[in-house]
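A.B. asks: Enclosed is the structure file model.cif (mmCIF, C-alpha atoms (C1' of nucleotides)).
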```cif
data_entry
loop_
_atom_site.label_atom_id
_atom_site.label_comp_id
_atom_site.auth_asym_id
_atom_site.auth_seq_id
_atom_site.Cartn_x
_atom_site.Cartn_y
_atom_site.Cartn_z
CA MET M 23 64.10 -182.76 25.83
CA ASP M 24 64.69 -179.95 28.27
CA LYS M 25 62.33 -180.38 31.16
CA GLN M 26 62.31 -176.72 32.03
CA SER M 27 60.89 -175.68 28.68
CA LEU M 28 58.20 -178.30 28.91
CA GLU M 29 57.26 -177.13 32.35
CA MET M 30 57.04 -173.59 31.15
CA ILE M 31 54.79 -174.54 28.26
CA GLU M 32 52.68 -176.62 30.59
CA LEU M 33 52.17 -173.86 33.13
CA GLU M 34 51.69 -171.05 30.69
CA LEU M 35 49.14 -173.01 28.73
CA ALA M 36 47.15 -173.60 31.90
CA ILE M 37 47.26 -169.89 32.65
CA LEU M 38 46.36 -168.90 29.14
CA ILE M 39 43.37 -171.19 29.03
CA ARG M 40 42.14 -170.00 32.34
CA ARG M 41 42.47 -166.37 31.42
CA THR M 42 40.73 -166.69 28.16
CA THR M 43 38.03 -168.86 29.65
CA SER M 44 37.05 -166.20 32.11
CA ASN M 45 33.90 -164.44 31.14
CA SER M 46 34.93 -160.86 31.58
CA ILE M 47 37.97 -160.72 29.36
CA ASN M 48 37.06 -162.77 26.45
CA LYS M 49 33.76 -164.24 25.72
CA ARG M 50 31.66 -162.07 23.56
CA ILE M 51 32.64 -159.23 21.36
CA GLY M 52 29.54 -157.87 19.74
CA ASN M 53 27.15 -160.65 18.89
CA LEU M 54 29.49 -163.56 18.46
CA ASP M 55 31.27 -165.89 20.76
CA ARG M 56 34.34 -167.93 20.01
CA SER M 57 32.40 -171.00 18.94
CA ALA M 58 30.20 -169.10 16.59
CA TYR M 59 33.21 -167.34 15.22
CA LEU M 60 35.04 -170.53 14.32
CA ILE M 61 31.98 -172.03 12.71
CA LEU M 62 31.28 -169.00 10.56
CA ARG M 63 34.89 -168.75 9.64
CA ARG M 64 35.04 -172.36 8.59
CA ILE M 65 32.02 -171.94 6.38
CA VAL M 66 33.35 -168.84 4.70
CA GLU M 67 36.69 -170.47 4.04
CA LYS M 68 35.67 -173.95 3.03
CA GLY M 69 32.00 -173.71 2.15
CA ALA M 70 28.66 -174.97 3.42
CA VAL M 71 28.81 -177.98 5.65
CA GLY M 72 26.63 -180.20 7.83
CA VAL M 73 26.82 -180.47 11.59
CA LYS M 74 28.41 -183.89 11.59
CA VAL M 75 31.43 -182.77 9.63
CA LEU M 76 31.72 -179.61 11.70
CA ALA M 77 31.65 -181.66 14.86
CA GLU M 78 34.42 -183.89 13.55
CA GLU M 79 36.53 -180.96 12.48
CA PHE M 80 36.16 -179.23 15.81
CA GLN M 81 36.30 -182.40 17.80
CA LEU M 82 33.13 -181.56 19.62
CA ASP M 83 29.95 -183.50 20.14
CA ILE M 84 27.41 -183.28 17.34
CA SER M 85 24.80 -182.03 19.76
CA THR M 86 27.01 -179.11 20.68
CA ILE M 87 27.43 -178.06 17.09
CA SER M 88 23.77 -178.68 16.37
CA ARG M 89 22.81 -176.18 19.04
CA GLN M 90 25.36 -173.65 17.99
CA GLY M 91 24.23 -173.95 14.40
CA ALA M 92 20.62 -173.51 15.42
CA ALA M 93 21.54 -170.41 17.40
CA LEU M 94 23.36 -168.94 14.44
CA GLU M 95 20.48 -169.74 12.15
CA HIS M 96 18.12 -168.09 14.57
CA LYS M 97 20.23 -164.93 14.55
CA GLY M 98 20.18 -164.92 10.79
CA TYR M 99 23.88 -165.60 10.34
CA LEU M 100 23.40 -169.02 8.79
CA TYR M 101 20.71 -170.71 6.72
CA ARG M 102 20.12 -174.31 5.84
CA ILE M 103 20.32 -175.88 2.42
CA PRO M 104 18.75 -179.32 2.29
CA ASP M 105 21.00 -182.00 0.90
CA ALA M 106 19.41 -183.05 -2.36
CA LEU M 107 20.78 -186.56 -2.03
CA ASP M 108 19.99 -187.26 1.59
CA GLY M 109 16.72 -186.27 3.17
CA ARG M 110 18.21 -186.34 6.64
CA ALA M 111 21.04 -183.97 5.95
CA TYR M 112 21.49 -180.30 5.15
CA TYR M 113 24.27 -177.84 4.72
CA LEU M 114 24.82 -174.71 6.76
CA GLN M 115 25.64 -171.71 4.64
CA ILE M 116 26.52 -168.22 5.79
CA THR M 117 24.31 -165.21 5.10
CA GLU M 118 25.45 -161.73 4.23
CA LEU M 119 24.64 -160.67 7.76
CA GLY M 120 26.74 -163.54 9.03
CA LYS M 121 29.64 -162.42 6.91
CA LYS M 122 29.36 -158.94 8.25
CA GLU M 123 29.31 -160.14 11.85
CA LEU M 124 32.21 -162.41 11.19
CA PHE M 125 34.21 -159.58 9.72
CA ASP M 126 33.47 -157.27 12.63
CA TYR M 127 34.31 -159.89 15.21
CA LYS M 128 37.53 -160.82 13.53
CA GLN M 129 38.47 -157.19 13.36
CA ALA M 130 37.82 -156.73 17.06
CA ARG M 131 39.84 -159.81 17.93
CA LEU M 132 42.68 -158.64 15.78
CA GLU M 133 42.72 -155.31 17.51
CA ARG M 134 42.81 -157.01 20.87
CA ILE M 135 45.70 -159.23 19.87
CA THR M 136 47.52 -156.29 18.35
CA GLU M 137 47.32 -154.49 21.68
CA LEU M 138 48.61 -157.52 23.51
CA VAL M 139 51.68 -157.93 21.35
CA GLU M 140 52.24 -154.24 20.99
CA ASP M 141 55.81 -154.33 22.20
CA TRP M 142 56.77 -157.59 20.51
CA SER M 143 59.15 -157.74 17.61
CA GLU M 144 57.97 -158.71 14.17
CA GLU M 145 59.98 -161.89 14.50
CA GLU M 146 58.43 -162.87 17.82
CA CYS M 147 54.92 -162.52 16.45
CA LYS M 148 55.74 -164.56 13.44
CA ILE M 149 57.26 -167.37 15.45
CA PHE M 150 54.52 -167.32 18.05
CA GLY M 151 51.89 -167.70 15.35
CA LYS M 152 53.75 -170.55 13.74
CA LEU M 153 54.33 -172.41 16.97
CA LEU M 154 50.73 -172.03 18.07
CA LYS M 155 49.67 -173.45 14.76
CA LYS M 156 52.11 -176.29 15.01
CA PHE M 157 50.95 -177.03 18.52
CA ASN M 158 47.32 -177.09 17.45
CA GLN M 159 48.14 -179.45 14.65
CA SER M 160 49.61 -181.90 17.12
CA PHE M 161 46.33 -182.22 18.98
CA LYS M 162 44.75 -185.22 17.47
CA MET Y 31 53.44 -155.04 12.37
CA ASP Y 32 52.87 -157.82 9.88
CA LYS Y 33 49.19 -158.43 9.62
CA GLN Y 34 49.56 -162.01 8.58
CA SER Y 35 51.34 -162.98 11.78
CA LEU Y 36 48.72 -161.28 13.87
CA GLU Y 37 46.00 -163.09 12.02
CA MET Y 38 47.71 -166.36 12.56
CA ILE Y 39 48.06 -165.75 16.28
CA GLU Y 40 44.46 -164.66 16.44
CA LEU Y 41 43.12 -167.73 14.69
CA GLU Y 42 45.35 -170.26 16.36
CA LEU Y 43 44.54 -168.89 19.78
CA ALA Y 44 40.85 -169.27 19.08
CA ILE Y 45 41.43 -172.85 18.02
CA LEU Y 46 43.64 -173.62 20.97
CA ILE Y 47 41.13 -172.29 23.46
CA ARG Y 48 38.33 -174.17 21.86
CA ARG Y 49 40.22 -177.41 21.82
CA THR Y 50 41.32 -177.21 25.38
CA THR Y 51 37.90 -176.11 26.50
CA SER Y 52 36.33 -179.26 25.15
CA ASN Y 53 35.50 -181.70 27.85
CA SER Y 54 36.92 -184.83 26.44
CA ILE Y 55 40.49 -183.81 25.80
CA ASN Y 56 41.37 -181.75 28.73
CA LYS Y 57 39.36 -181.23 31.76
CA ARG Y 58 40.12 -183.63 34.47
CA ILE Y 59 43.15 -185.76 34.92
CA GLY Y 60 42.72 -187.74 38.10
CA ASN Y 61 41.00 -185.66 40.72
CA LEU Y 62 41.95 -182.17 39.69
CA ASP Y 63 40.78 -179.73 37.11
CA ARG Y 64 42.70 -176.84 35.68
CA SER Y 65 41.33 -174.33 38.17
CA ALA Y 66 42.14 -176.46 41.15
CA TYR Y 67 45.56 -177.08 39.75
CA LEU Y 68 46.42 -173.42 39.45
CA ILE Y 69 45.18 -172.65 42.93
CA LEU Y 70 47.14 -175.45 44.55
CA ARG Y 71 50.18 -174.54 42.58
CA ARG Y 72 49.95 -170.92 43.61
CA ILE Y 73 49.73 -171.88 47.24
CA VAL Y 74 52.69 -174.22 47.09
CA GLU Y 75 54.81 -171.63 45.36
CA LYS Y 76 53.86 -168.49 47.19
CA GLY Y 77 52.20 -169.64 50.38
CA ALA Y 78 48.81 -169.58 52.04
CA VAL Y 79 46.43 -166.97 50.76
CA GLY Y 80 42.83 -165.79 51.06
CA VAL Y 81 40.21 -165.98 48.37
CA LYS Y 82 40.20 -162.30 47.65
CA VAL Y 83 43.85 -162.21 46.72
CA LEU Y 84 43.52 -165.38 44.71
CA ALA Y 85 40.62 -163.90 42.82
CA GLU Y 86 42.67 -160.81 42.01
CA GLU Y 87 45.63 -162.84 40.90
CA PHE Y 88 43.55 -165.02 38.64
CA GLN Y 89 41.28 -162.22 37.55
CA LEU Y 90 38.23 -164.20 38.45
CA ASP Y 91 35.26 -163.34 40.59
CA ILE Y 92 35.70 -163.91 44.31
CA SER Y 93 32.68 -166.17 44.36
CA THR Y 94 34.27 -168.44 41.80
CA ILE Y 95 37.41 -168.83 43.86
CA SER Y 96 35.40 -169.21 47.03
CA ARG Y 97 33.60 -172.22 45.59
CA GLN Y 98 36.75 -173.73 44.18
CA GLY Y 99 38.49 -173.29 47.49
CA ALA Y 100 35.58 -174.88 49.31
CA ALA Y 101 35.66 -177.82 46.92
CA LEU Y 102 39.37 -178.29 47.50
CA GLU Y 103 38.91 -178.08 51.22
CA HIS Y 104 36.15 -180.64 51.01
CA LYS Y 105 38.43 -183.01 49.17
CA GLY Y 106 41.09 -182.55 51.80
CA TYR Y 107 43.56 -180.77 49.58
CA LEU Y 108 43.37 -177.46 51.40
CA TYR Y 109 42.63 -176.36 54.92
CA ARG Y 110 41.80 -173.00 56.41
CA ILE Y 111 43.91 -171.00 58.78
CA PRO Y 112 41.98 -168.16 60.41
CA ASP Y 113 43.60 -164.76 60.07
CA ALA Y 114 44.60 -163.75 63.58
CA LEU Y 115 44.16 -160.08 62.80
CA ASP Y 116 40.87 -160.20 60.97
CA GLY Y 117 37.98 -162.35 62.08
CA ARG Y 118 36.43 -162.30 58.63
CA ALA Y 119 39.42 -163.61 56.79
CA TYR Y 120 41.41 -166.80 56.58
CA TYR Y 121 44.21 -168.28 54.63
CA LEU Y 122 44.04 -171.37 52.46
CA GLN Y 123 46.95 -173.71 52.99
CA ILE Y 124 47.71 -176.92 51.14
CA THR Y 125 47.67 -180.32 52.82
CA GLU Y 126 50.03 -183.19 52.20
CA LEU Y 127 47.31 -184.89 50.22
CA GLY Y 128 46.91 -181.73 48.19
CA LYS Y 129 50.61 -181.68 47.45
CA LYS Y 130 50.49 -185.24 46.30
CA GLU Y 131 47.54 -184.60 44.01
CA LEU Y 132 49.21 -181.53 42.66
CA PHE Y 133 52.34 -183.45 41.89
CA ASP Y 134 50.46 -186.23 40.14
CA TYR Y 135 48.40 -183.85 38.10
CA LYS Y 136 51.39 -181.84 37.07
CA GLN Y 137 53.15 -185.00 36.07
CA ALA Y 138 50.22 -186.10 33.93
CA ARG Y 139 50.01 -182.71 32.26
CA LEU Y 140 53.69 -182.74 31.58
CA GLU Y 141 53.44 -186.12 29.95
CA ARG Y 142 50.62 -184.92 27.78
CA ILE Y 143 52.56 -181.85 26.68
CA THR Y 144 55.64 -183.93 26.08
CA GLU Y 145 53.66 -186.11 23.70
CA LEU Y 146 52.33 -183.10 21.87
CA VAL Y 147 55.72 -181.57 21.22
CA GLU Y 148 57.39 -184.88 20.62
CA ASP Y 149 58.78 -183.93 17.26
CA TRP Y 150 59.68 -180.35 18.13
CA SER Y 151 63.23 -179.17 18.42
CA GLU Y 152 64.65 -178.16 21.77
CA GLU Y 153 64.79 -174.61 20.50
CA GLU Y 154 61.16 -174.52 19.44
CA CYS Y 155 59.99 -175.70 22.85
CA LYS Y 156 62.09 -173.15 24.59
CA ILE Y 157 60.82 -170.29 22.46
CA PHE Y 158 57.22 -171.44 22.62
CA GLY Y 159 57.35 -171.49 26.40
CA LYS Y 160 58.88 -168.06 26.54
CA LEU Y 161 56.43 -166.52 24.13
CA LEU Y 162 53.44 -168.03 25.89
CA LYS Y 163 54.72 -166.57 29.12
CA LYS Y 164 55.31 -163.22 27.55
CA PHE Y 165 51.86 -163.28 26.05
CA ASN Y 166 50.27 -164.11 29.36
CA GLN Y 167 52.12 -161.30 31.02
CA SER Y 168 50.63 -158.85 28.57
CA PHE Y 169 47.09 -159.70 29.65
CA LYS Y 170 46.36 -157.13 32.22
"C1'" DG N 165 28.39 -146.09 68.67
"C1'" DT N 166 26.48 -145.77 64.40
"C1'" DA N 167 27.40 -145.98 59.55
"C1'" DT N 168 30.17 -147.71 56.08
"C1'" DA N 169 33.40 -150.79 54.12
"C1'" DT N 170 35.19 -155.36 53.61
"C1'" DA N 171 36.11 -160.80 53.45
"C1'" DA N 172 33.74 -164.35 52.39
"C1'" DT N 173 29.59 -167.22 51.26
"C1'" DT N 174 25.45 -168.40 49.00
"C1'" DG N 175 21.61 -167.93 45.58
"C1'" DT N 176 20.71 -167.57 40.88
"C1'" DA N 177 21.64 -167.33 35.97
"C1'" DT N 178 24.36 -168.21 31.82
"C1'" DT N 179 27.24 -170.67 28.69
"C1'" DA N 180 29.70 -174.43 26.66
"C1'" DT N 181 30.02 -178.77 26.78
"C1'" DA N 182 28.87 -184.24 26.83
"C1'" DC N 183 25.99 -188.28 26.76
"C1'" DA N 184 21.75 -190.61 25.92
"C1'" DA N 185 17.28 -191.03 23.94
"C1'" DC N 186 14.90 -190.18 20.05
"C1'" DC N 187 13.06 -189.11 15.07
"C1'" DG N 188 13.04 -189.69 10.39
"C1'" DT N 189 15.66 -191.24 6.30
"C1'" DT N 190 18.85 -194.20 4.05
"C1'" DT N 191 21.39 -198.39 3.39
"C1'" DT N 192 22.03 -203.19 4.02
"C1'" DT N 193 20.69 -207.69 4.03
"C1'" DC N 194 18.30 -211.58 2.98
"C1'" DG F 64 11.03 -205.47 -1.37
"C1'" DA F 65 10.45 -205.72 3.65
"C1'" DA F 66 12.79 -205.79 8.01
"C1'" DA F 67 16.86 -204.48 10.39
"C1'" DA F 68 20.64 -201.66 11.01
"C1'" DA F 69 23.07 -197.44 10.38
"C1'" DC F 70 23.08 -192.66 10.12
"C1'" DG F 71 22.24 -187.24 10.28
"C1'" DG F 72 20.35 -184.40 13.17
"C1'" DT F 73 17.59 -182.73 17.38
"C1'" DT F 74 16.24 -182.58 22.00
"C1'" DG F 75 16.38 -183.77 27.03
"C1'" DT F 76 19.24 -183.80 30.82
"C1'" DA F 77 23.42 -183.17 33.44
"C1'" DT F 78 27.80 -180.94 34.66
"C1'" DA F 79 31.29 -177.39 35.17
"C1'" DA F 80 33.09 -172.84 35.29
"C1'" DT F 81 31.92 -168.67 35.42
"C1'" DA F 82 29.56 -163.82 36.86
"C1'" DC F 83 26.55 -160.84 39.44
"C1'" DA F 84 23.61 -159.85 43.32
"C1'" DA F 85 22.19 -160.49 47.99
"C1'" DT F 86 23.62 -161.72 52.46
"C1'" DT F 87 26.44 -162.43 56.80
"C1'" DA F 88 29.69 -161.28 59.98
"C1'" DT F 89 33.47 -158.55 61.22
"C1'" DA F 90 36.36 -154.21 60.94
"C1'" DT F 91 37.12 -149.39 60.32
"C1'" DA F 92 35.90 -144.49 60.17
"C1'" DC F 93 33.81 -140.65 61.93
#
```
Let me see the structure of the file written as structure tokens.
C.D. replies:
Amino acid sequence: MDKQSLEMIELELAILIRRTTSNSINKRIGNLDRSAYLILRRIVEKGAVGVKVLAEEFQLDISTISRQGAALEHKGYLYRIPDALDGRAYYLQITELGKKELFDYKQARLERITELVEDWSEEECKIFGKLLKKFNQSFK
Amino acid sequence: MDKQSLEMIELELAILIRRTTSNSINKRIGNLDRSAYLILRRIVEKGAVGVKVLAEEFQLDISTISRQGAALEHKGYLYRIPDALDGRAYYLQITELGKKELFDYKQARLERITELVEDWSEEECKIFGKLLKKFNQSFK
DNA sequence: GTATATAATTGTATTATACAACCGTTTTTC
DNA sequence: GAAAAACGGTTGTATAATACAATTATATAC
């Protein structure tokens, strides 16, 4: 494998992460942050889910998800459905308000990305998306 | 522009950031973290520099860089050179130890990336690197 | 020479995370 | 069927990276 390409990926990833980790640029658009966004999105796409499963899917600690879920519940974006079969467990389901927030946030993110790739070709965007996805799938 | 590609980029970026932000996977390899790494790397490549300029280059708050620089100095990876023309300012220069750490860290990162793209084609790696770079350059 | 601007540091707050201790419920085991 | 173990979730505590505001010491402008 060509070392130069690997080095470029390595460096640019470090830069990308740093940039997007900085508070000013990224963090919060409207009322959601990235974590909240991914949780809500997951629930809309694949249905109500408990914190344990979420934590596994996101590869984060359960406590982290527990807090994020609680915050989203508090804001009225999620509500809990007790698990009929297990008194310890519950499912997090999205509210209408949550859906609205999710939609708005996604829209804002999309606009931001659109700006950033303004002068890219159709082809470049397509490939970039695919490779990012592929890269993410490699993370185990 | 094809909306689907944009949506894919948007989503996969969110996932990527989240993954790499999680403590367990990423953060510290050896004695460096990502921030330290980028600072040391910058200094090796473009020479000694003060915190203000670093902060501008990284688009972070000066105080953030100031603390990171202090931490690196404390560890013996950087040292200060007073600016002869301005009593307030100084330059941060890398030490031999710093260079060694930088090298080791970079090596470890490279290995990690190499694993992740193990089954990618040469071409895919090359394009991914280029597009990441291009994307980063768009962030202004 | 005084006022203002500037380079850097330090104090404080916030956010996202992990790990460990805990609580209450379920499952296992004998 | 009771005791022990496992489990889903929460809460306490710690850490790291960040920003913003206040401060310090020096430089520049008028």
A.B. asks: Go through chain Y and flag each residue having an atom no more than 8 Å from chain M; for those, report the closest pair of atoms plus their distance in Å to one decimal, using only C-alpha atoms, ordered by chain and rising number, as a tab-separated table.
C.D. replies:
```
residue	atom	partner	partner_atom	distance
Y:Met31	CA	M:Glu144	CA	6.1
Y:Asp32	CA	M:Glu144	CA	6.7
Y:Ser35	CA	M:Lys148	CA	5.0
Y:Leu36	CA	M:Thr136	CA	6.8
Y:Glu37	CA	M:Leu132	CA	6.7
Y:Met38	CA	M:Gly151	CA	5.2
Y:Ile39	CA	M:Gly151	CA	4.4
Y:Glu40	CA	M:Leu132	CA	6.3
Y:Glu42	CA	M:Lys155	CA	5.6
Y:Leu43	CA	M:Leu154	CA	7.1
Y:Ala44	CA	M:Arg56	CA	6.7
Y:Ile45	CA	M:Asn158	CA	7.3
Y:Leu46	CA	M:Asn158	CA	6.2
Y:Ile47	CA	M:Ile39	CA	6.1
Y:Arg48	CA	M:Ser57	CA	7.3
Y:Arg49	CA	M:Phe80	CA	7.5
Y:Thr50	CA	M:Ile39	CA	7.3
Y:Thr51	CA	M:Ile39	CA	7.8
Y:Ser52	CA	M:Leu82	CA	6.8
Y:Arg64	CA	M:Ala36	CA	6.7
Y:Ser65	CA	M:Arg40	CA	7.3
Y:Leu68	CA	M:Ala36	CA	7.6
Y:Phe88	CA	M:Arg41	CA	7.4
Y:Gln89	CA	M:Arg41	CA	7.5
Y:Leu90	CA	M:Ser44	CA	6.8
Y:Arg139	CA	M:Glu32	CA	6.9
Y:Leu140	CA	M:Glu32	CA	6.3
Y:Ile143	CA	M:Glu32	CA	6.5
Y:Thr144	CA	M:Leu28	CA	6.8
Y:Leu146	CA	M:Ser160	CA	5.6
Y:Val147	CA	M:Phe157	CA	7.1
Y:Glu152	CA	M:Met23	CA	6.2
Y:Glu154	CA	M:Leu153	CA	7.6
Y:Cys155	CA	M:Ser27	CA	5.9
Y:Lys156	CA	M:Ser27	CA	5.0
Y:Phe158	CA	M:Leu153	CA	6.4
Y:Gly159	CA	M:Ile31	CA	4.4
Y:Lys160	CA	M:Met30	CA	7.4
Y:Leu161	CA	M:Phe150	CA	6.4
Y:Leu162	CA	M:Glu34	CA	5.9
Y:Lys163	CA	M:Glu34	CA	5.6
Y:Phe165	CA	M:Leu138	CA	7.1
Y:Asn166	CA	M:Leu38	CA	6.2
Y:Ser168	CA	M:Leu138	CA	5.6
Y:Phe169	CA	M:Leu138	CA	6.7
```
A.B. asks: Edge lengths and centre in Å to one decimal, as AutoDock Vina command-line options, of the axis-aligned box that encloses all listed atoms of segment 64-67 of chain F with 8 Å added on every side?
C.D. replies:
```
--center_x 13.7 --center_y -205.1 --center_z 4.5 --size_x 22.4 --size_y 17.3 --size_z 27.8
```
A.B. asks: Give as JSON, numbers by chain the residues that the PyMOL selection byres ((chain N and resi 174) around 12) matches when applied to the coordinates above.
C.D. replies: {"Y": [93, 94, 96, 97], "N": [172, 173, 175, 176], "F": [84, 85, 86, 87]}
A.B. asks: Selected by the PyMOL selection byres ((chain N) within 10 of (chain M)) in the shown coordinates: which residues, as a list in words?
C.D. replies: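 Residues picked by the PyMOL selection byres ((chain N) within 10 of (chain M)): DT179, DA180, DT181, DA182, DC183, DG188, DT189 and DT190 of chain N.
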A.B. asks: Which value, in Å to one decimal, gives the distance between atom CA of Ala66 of chain Y and atom C1' of DT178 of chain N?
C.D. replies: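 Pair atom CA of Ala66 of chain Y / atom C1' of DT178 of chain N returns 21.7 Å.
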A.B. asks: What do you get, as a CSV table (one decimal) with C-alpha atoms (C1' of nucleotides), in the coordinates of the input, if you spell out every residue that the PyMOL selection byres ((chain F) within 12 of (chain Y)) selects here?
C.D. replies:
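Listing of expr_33.csv after writing:
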```csv
chain,number,residue,atom,x,y,z
F,78,DT,C1',27.8,-180.9,34.7
F,79,DA,C1',31.3,-177.4,35.2
F,80,DA,C1',33.1,-172.8,35.3
F,81,DT,C1',31.9,-168.7,35.4
F,82,DA,C1',29.6,-163.8,36.9
F,83,DC,C1',26.6,-160.8,39.4
F,84,DA,C1',23.6,-159.8,43.3
F,87,DT,C1',26.4,-162.4,56.8
F,88,DA,C1',29.7,-161.3,60.0
F,89,DT,C1',33.5,-158.6,61.2
F,90,DA,C1',36.4,-154.2,60.9
F,91,DT,C1',37.1,-149.4,60.3
```
A.B. asks: Compute the distance from (45.1, -175.1, 53.2) to each atom, counting all atoms listed in the file, keep the residues with any atom at most 12 Å away, and return them as a ChimeraX atom specification; use the coordinates of the file.
C.D. replies: /Y:69-74,77-81,99-112,120-129
A.B. asks: Just to confirm, what's the straight-line distance from atom CA of Leu84 of chain Y to atom CA of Lys130 of chain Y in Å (one decimal)?
C.D. replies: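 For atom CA of Leu84 of chain Y relative to atom CA of Lys130 of chain Y, the distance reads 21.1 Å.
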A.B. asks: Could you check how far atom CA of Ala106 of chain M sits from atom C1' of DC186 of chain N, in Å to one decimal?
C.D. replies: 23.9 Å
A.B. asks: Between N:DT192, N:DA171, N:DC187, N:DG165, single out the one closest to Ala85 of chain Y, counting only C-alpha atoms (C1' of nucleotides).
C.D. replies: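 Nearest to Ala85 of chain Y: N:DA171.
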